[in-house]
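Trainee: First the structure, then my questions, so here it is.
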Amino acid sequence: GTTNSDLYRRGNFNGTWDDLICQALIDEREAEISLSPGFRWGPSLLRGQSITREDLFNCTAMSYPATYRSEMTGSRIHAILEDVADNIFNPDPYYQQGGDMVRVGGMQYEIDVRKSQGNRIKNMTLSSSGELIVPDKTYVVSGWASVNRDTKGPPIWELVENWIQKKEKVSIITDQSVKFSF
């Protein structure tokens with residue numbers, strides 16, 4: 001396929017490659033929300049360039065690439081986001097274990113990095129409707145890079161490749177899924 005958008009992965013919270021991967025997960029796995037691991041490797045592509053298989057491998061290279069589709073409650077989604085945020089923003093540097101937030105598709109949220117664990121993430125909403133994500137409601141979530149041994153699904157690079165081939169030309173709108181307070 002070809003990209004009609006600049007594709008990059010340089011931010012701590014998202015990039016247009018992440019938005020592309022998250023949208024492919026939602027469409028290909030018929031999900032409401034998608035989760036993608038936060039990291040910043042992979043090529044940058046300029047609009048008009050071809051997206052190659054090598055580009056996909058460079059963006060998704062890891063040893064646990066299986067995609068999943070599962071049901072999660074709103075409180076489980078909140079707990080995942082809070083856990084990752086604490087690995088990044090814990091005031092004690094000995095508890096900091098990462099530098100990138102999990103990427104999300106199909107939802108929006110606000111984060112206040114000054115707050116304590118369990119209190120950083122608020123106002124989680126579904127992008128499609130603007131409805132608040134309810135703690136005890138179940139949502140269909142797709143993602144990849146699960147450390148669970150029983151994860152079954154196509155590798156992420158295969159899923160994204162299939163999605164791109166169907167689209168032929170990919171346009172990504174810069175994601176506004178996260179609002180920050182510092």
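Identifiers for the structure tokens are assigned positionally: chains receive A, B, ... in sequence, residues are indexed from 1 per chain, and ligands are indexed from 1 in the order shown.
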Excluding A:Glu110 and residues on its chain fewer than 4 positions from it, collect all residues at most 6 Å away from it, counting only C-alpha atoms, and give them as a ChimeraX atom specification.
Mentor: /A:121-123,178-180
Trainee: May I have the residues within 7 Å of A:Cys22 as a ChimeraX atom specification, using only C-alpha atoms and disregarding those fewer than 6 positions away in the same chain?
Mentor: /A:34-36,104-105
Trainee: What's the 7 Å shell around A:Ala66, counting only C-alpha atoms, without same-chain residues fewer than 2 positions away, as a ChimeraX atom specification?
Mentor: /A:64,68,144-145,151-156
Trainee: What does the structure give for the distance between atom CA of A:Lys115 and atom CA of A:Gln176, in Å to one decimal?
Mentor: 21.4 Å
Trainee: Excluding A:Ile26 and any residue of its chain fewer than 5 positions from it, enumerate the residues within 10 Å of it, using only C-alpha atoms, and give them as a PyMOL selection string.
Mentor: chain A and resi 21+31-35+69+105-106+140-143
Trainee: Write a file of the selected residues as a CSV table (one decimal), in the first residue's frame, keeping all heavy atoms.
Mentor:
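Saved the output as out_19.csv:
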chain,number,residue,atom,x,y,z
A,21,ILE,N,-1.7,1.2,13.3
A,21,ILE,CA,-1.7,-0.2,13.9
A,21,ILE,C,-3.0,-0.4,14.7
A,21,ILE,O,-3.7,-1.4,14.6
A,21,ILE,CB,-0.5,-0.4,14.8
A,21,ILE,CG1,0.8,-0.6,13.9
A,21,ILE,CG2,-0.7,-1.7,15.7
A,21,ILE,CD1,2.1,-0.5,14.7
A,31,ALA,N,-13.3,-4.9,16.8
A,31,ALA,CA,-13.3,-4.5,18.2
A,31,ALA,C,-13.7,-3.0,18.3
A,31,ALA,O,-13.7,-2.3,17.3
A,31,ALA,CB,-11.8,-4.6,18.7
A,32,GLU,N,-14.0,-2.6,19.6
A,32,GLU,CA,-14.4,-1.3,19.9
A,32,GLU,C,-13.1,-0.4,20.2
A,32,GLU,O,-13.1,0.7,20.0
A,32,GLU,CB,-15.3,-1.2,21.1
A,32,GLU,CG,-16.7,-1.9,20.8
A,32,GLU,CD,-17.4,-2.1,22.1
A,32,GLU,OE1,-17.2,-3.1,22.8
A,32,GLU,OE2,-18.3,-1.2,22.4
A,33,ILE,N,-12.2,-1.1,20.9
A,33,ILE,CA,-11.0,-0.5,21.4
A,33,ILE,C,-9.8,-1.3,21.1
A,33,ILE,O,-9.9,-2.5,21.0
A,33,ILE,CB,-11.1,-0.4,23.0
A,33,ILE,CG1,-12.3,0.6,23.4
A,33,ILE,CG2,-9.8,0.1,23.6
A,33,ILE,CD1,-12.7,0.5,24.8
A,34,SER,N,-8.7,-0.7,20.9
A,34,SER,CA,-7.4,-1.4,20.6
A,34,SER,C,-6.3,-0.9,21.5
A,34,SER,O,-6.3,0.3,21.9
A,34,SER,CB,-7.0,-1.3,19.2
A,34,SER,OG,-6.8,0.0,18.8
A,35,LEU,N,-5.4,-1.8,21.9
A,35,LEU,CA,-4.2,-1.5,22.7
A,35,LEU,C,-3.0,-2.0,22.0
A,35,LEU,O,-3.0,-3.1,21.4
A,35,LEU,CB,-4.3,-2.2,24.0
A,35,LEU,CG,-5.6,-1.9,24.9
A,35,LEU,CD1,-5.6,-2.8,26.1
A,35,LEU,CD2,-5.6,-0.4,25.3
A,69,ARG,N,-8.2,-10.8,20.7
A,69,ARG,CA,-9.5,-10.1,20.7
A,69,ARG,C,-10.2,-10.7,22.0
A,69,ARG,O,-10.4,-11.9,22.1
A,69,ARG,CB,-10.3,-10.5,19.5
A,69,ARG,CG,-11.7,-9.8,19.4
A,69,ARG,CD,-12.5,-10.2,18.2
A,69,ARG,NE,-13.7,-9.5,18.0
A,69,ARG,CZ,-14.8,-9.7,18.5
A,69,ARG,NH1,-15.0,-10.8,19.3
A,69,ARG,NH2,-15.9,-9.0,18.3
A,105,GLY,N,-6.6,2.9,20.6
A,105,GLY,CA,-7.4,3.2,19.5
A,105,GLY,C,-8.9,3.1,19.9
A,105,GLY,O,-9.2,2.2,20.8
A,106,GLY,N,-9.8,3.8,19.3
A,106,GLY,CA,-11.2,3.7,19.6
A,106,GLY,C,-11.6,4.3,20.9
A,106,GLY,O,-12.8,4.2,21.3
A,140,VAL,N,-15.3,-4.9,23.7
A,140,VAL,CA,-14.4,-5.8,22.9
A,140,VAL,C,-13.1,-5.0,22.6
A,140,VAL,O,-13.2,-3.9,22.0
A,140,VAL,CB,-15.1,-6.2,21.6
A,140,VAL,CG1,-14.2,-7.0,20.7
A,140,VAL,CG2,-16.5,-6.9,21.9
A,141,VAL,N,-12.0,-5.6,23.0
A,141,VAL,CA,-10.7,-5.0,22.9
A,141,VAL,C,-9.8,-5.9,22.1
A,141,VAL,O,-9.8,-7.1,22.3
A,141,VAL,CB,-10.1,-4.8,24.3
A,141,VAL,CG1,-8.7,-4.2,24.2
A,141,VAL,CG2,-11.0,-3.9,25.2
A,142,SER,N,-9.1,-5.3,21.2
A,142,SER,CA,-8.1,-6.1,20.4
A,142,SER,C,-6.7,-5.5,20.7
A,142,SER,O,-6.6,-4.3,21.1
A,142,SER,CB,-8.3,-6.0,18.9
A,142,SER,OG,-8.3,-4.7,18.5
A,143,GLY,N,-5.7,-6.3,20.6
A,143,GLY,CA,-4.4,-5.8,20.9
A,143,GLY,C,-3.3,-6.8,20.5
A,143,GLY,O,-3.6,-7.8,19.8
Trainee: Looking at A:Val113, A:Ile173, A:Ile164, A:Met101, which one is nearest to A:Leu56, with distances taken over only C-alpha atoms?
Mentor: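 Ranking A:Val113, A:Ile173, A:Ile164, A:Met101 by distance to A:Leu56, first place goes to A:Ile164.
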Trainee: Could you list, as a ChimeraX atom specification, every residue within 9 Å of stretch 75-84 of chain A, counting only C-alpha atoms and ignoring same-chain residues fewer than 4 positions away?
Mentor: /A:88-89,97-98,100-102,117-122,124,133-137,141
Trainee: Mind checking DSSP for stretch 17-155 of chain A and telling me the helix (DSSP H, G or I) residues as number ranges by chain?
Mentor: A: 17-29, 53-60, 74-89, 93-95
Trainee: Which parts of stretch 3-80 of chain A does DSSP call strand (DSSP E) when run on the backbone here, written out as an MDAnalysis selection string?
Mentor: chainID A and resid 3 33:36 67:73
Trainee: List as number ranges by chain the protein and nucleic acid residues near A:Lys166, meaning an atom at most 10 Å away when only C-alpha atoms are counted, but skip any in the same chain fewer than 5 places from it.
Mentor: A: 1, 160-161
Trainee: Restricting it to C-alpha atoms, dump the selection as a short mmCIF file (atom, residue, chain, number, x, y, z; two decimals), in the first residue's frame.
Mentor:
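Below is the file that was written, out13.cif:
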data_model
loop_
_atom_site.label_atom_id
_atom_site.label_comp_id
_atom_site.auth_asym_id
_atom_site.auth_seq_id
_atom_site.Cartn_x
_atom_site.Cartn_y
_atom_site.Cartn_z
CA GLY A 1 0.00 0.00 0.00
CA VAL A 160 -1.61 -4.87 9.52
CA GLU A 161 -0.38 -6.03 6.11
#
Trainee: Write out as a ChimeraX atom specification each polymer residue whose atoms come within 12 Å of A:Val170, counting only C-alpha atoms; drop sequence neighbours fewer than 5 positions from it.
Mentor: /A:1-7,16-17,19-21,23-24,45-51,160-161,163-165
Trainee: Take the residues from that selection and write them out as an mmCIF file, in the first residue's frame, keeping N, CA and C atoms.
Mentor:
data_model
loop_
_atom_site.group_PDB
_atom_site.id
_atom_site.type_symbol
_atom_site.label_atom_id
_atom_site.label_comp_id
_atom_site.auth_asym_id
_atom_site.auth_seq_id
_atom_site.Cartn_x
_atom_site.Cartn_y
_atom_site.Cartn_z
ATOM 1 N N GLY A 1 0.819 -1.192 0.000
ATOM 2 C CA GLY A 1 0.000 0.000 0.000
ATOM 3 C C GLY A 1 0.852 1.240 0.000
ATOM 4 N N THR A 2 0.188 2.353 0.002
ATOM 5 C CA THR A 2 0.839 3.661 -0.019
ATOM 6 C C THR A 2 0.263 4.489 1.122
ATOM 7 N N THR A 3 1.099 5.314 1.721
ATOM 8 C CA THR A 3 0.608 6.191 2.768
ATOM 9 C C THR A 3 0.312 7.584 2.214
ATOM 10 N N ASN A 4 -0.853 8.108 2.552
ATOM 11 C CA ASN A 4 -1.218 9.483 2.234
ATOM 12 C C ASN A 4 -0.900 10.409 3.403
ATOM 13 N N SER A 5 -0.286 9.848 4.443
ATOM 14 C CA SER A 5 0.048 10.596 5.652
ATOM 15 C C SER A 5 1.505 10.328 6.009
ATOM 16 N N ASP A 6 2.120 11.258 6.722
ATOM 17 C CA ASP A 6 3.441 10.985 7.270
ATOM 18 C C ASP A 6 3.261 9.955 8.384
ATOM 19 N N LEU A 7 4.083 8.932 8.384
ATOM 20 C CA LEU A 7 4.021 7.897 9.412
ATOM 21 C C LEU A 7 5.292 7.968 10.253
ATOM 22 N N THR A 16 1.729 8.404 14.399
ATOM 23 C CA THR A 16 0.795 7.986 13.358
ATOM 24 C C THR A 16 0.949 6.508 12.995
ATOM 25 N N TRP A 17 2.151 5.924 13.144
ATOM 26 C CA TRP A 17 2.263 4.466 12.971
ATOM 27 C C TRP A 17 1.389 3.762 14.008
ATOM 28 N N ASP A 19 -1.292 4.936 15.444
ATOM 29 C CA ASP A 19 -2.686 5.129 15.065
ATOM 30 C C ASP A 19 -3.085 4.149 13.953
ATOM 31 N N LEU A 20 -2.171 3.940 13.003
ATOM 32 C CA LEU A 20 -2.421 2.990 11.915
ATOM 33 C C LEU A 20 -2.582 1.571 12.476
ATOM 34 N N ILE A 21 -1.662 1.158 13.341
ATOM 35 C CA ILE A 21 -1.725 -0.182 13.938
ATOM 36 C C ILE A 21 -3.010 -0.350 14.738
ATOM 37 N N GLN A 23 -5.889 1.244 14.408
ATOM 38 C CA GLN A 23 -7.061 1.178 13.530
ATOM 39 C C GLN A 23 -7.143 -0.166 12.830
ATOM 40 N N ALA A 24 -6.001 -0.710 12.413
ATOM 41 C CA ALA A 24 -5.992 -2.035 11.787
ATOM 42 C C ALA A 24 -6.498 -3.081 12.770
ATOM 43 N N LEU A 45 7.951 7.363 7.440
ATOM 44 C CA LEU A 45 7.632 7.409 6.014
ATOM 45 C C LEU A 45 6.936 8.728 5.712
ATOM 46 N N LEU A 46 7.243 9.285 4.557
ATOM 47 C CA LEU A 46 6.589 10.511 4.121
ATOM 48 C C LEU A 46 5.391 10.172 3.254
ATOM 49 N N ARG A 47 4.402 11.056 3.292
ATOM 50 C CA ARG A 47 3.214 10.824 2.459
ATOM 51 C C ARG A 47 3.630 10.572 1.017
ATOM 52 N N GLY A 48 2.943 9.612 0.397
ATOM 53 C CA GLY A 48 3.242 9.233 -0.968
ATOM 54 C C GLY A 48 4.175 8.037 -1.085
ATOM 55 N N GLN A 49 4.821 7.658 0.027
ATOM 56 C CA GLN A 49 5.733 6.523 -0.027
ATOM 57 C C GLN A 49 4.961 5.208 0.067
ATOM 58 N N SER A 50 5.562 4.175 -0.503
ATOM 59 C CA SER A 50 5.023 2.816 -0.361
ATOM 60 C C SER A 50 5.311 2.318 1.049
ATOM 61 N N ILE A 51 4.376 1.551 1.576
ATOM 62 C CA ILE A 51 4.570 0.876 2.859
ATOM 63 C C ILE A 51 4.964 -0.560 2.525
ATOM 64 N N VAL A 160 -1.738 -6.224 10.074
ATOM 65 C CA VAL A 160 -1.612 -4.871 9.523
ATOM 66 C C VAL A 160 -1.396 -4.930 8.008
ATOM 67 N N GLU A 161 -0.598 -5.887 7.555
ATOM 68 C CA GLU A 161 -0.380 -6.029 6.113
ATOM 69 C C GLU A 161 -1.697 -6.295 5.390
ATOM 70 N N TRP A 163 -4.690 -5.463 6.338
ATOM 71 C CA TRP A 163 -5.484 -4.235 6.413
ATOM 72 C C TRP A 163 -5.017 -3.226 5.368
ATOM 73 N N ILE A 164 -3.704 -3.035 5.269
ATOM 74 C CA ILE A 164 -3.157 -2.077 4.304
ATOM 75 C C ILE A 164 -3.469 -2.516 2.875
ATOM 76 N N GLN A 165 -3.349 -3.814 2.596
ATOM 77 C CA GLN A 165 -3.643 -4.300 1.247
ATOM 78 C C GLN A 165 -5.091 -4.031 0.862
#
Trainee: Expressed in Å to a single decimal, how great is the separation between atom CA of A:Pro65 and atom CA of A:Pro43?
Mentor: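 If I compute the distance from atom CA of A:Pro65 to atom CA of A:Pro43, I get 18.3 Å.
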Trainee: Give me, please, the distance in Å between atom CA of A:Asp55 and atom CA of A:Arg9, quoted to one decimal.
Mentor: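 That distance, rounded to one decimal, is 12.1 Å.
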Trainee: From the options A:Gly99, A:Ser128, A:Met62, A:Pro91, which residue's atoms come nearest to A:Gly11, counting only C-alpha atoms?
Mentor: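 Of all the options, A:Gly99 lies closest to A:Gly11.
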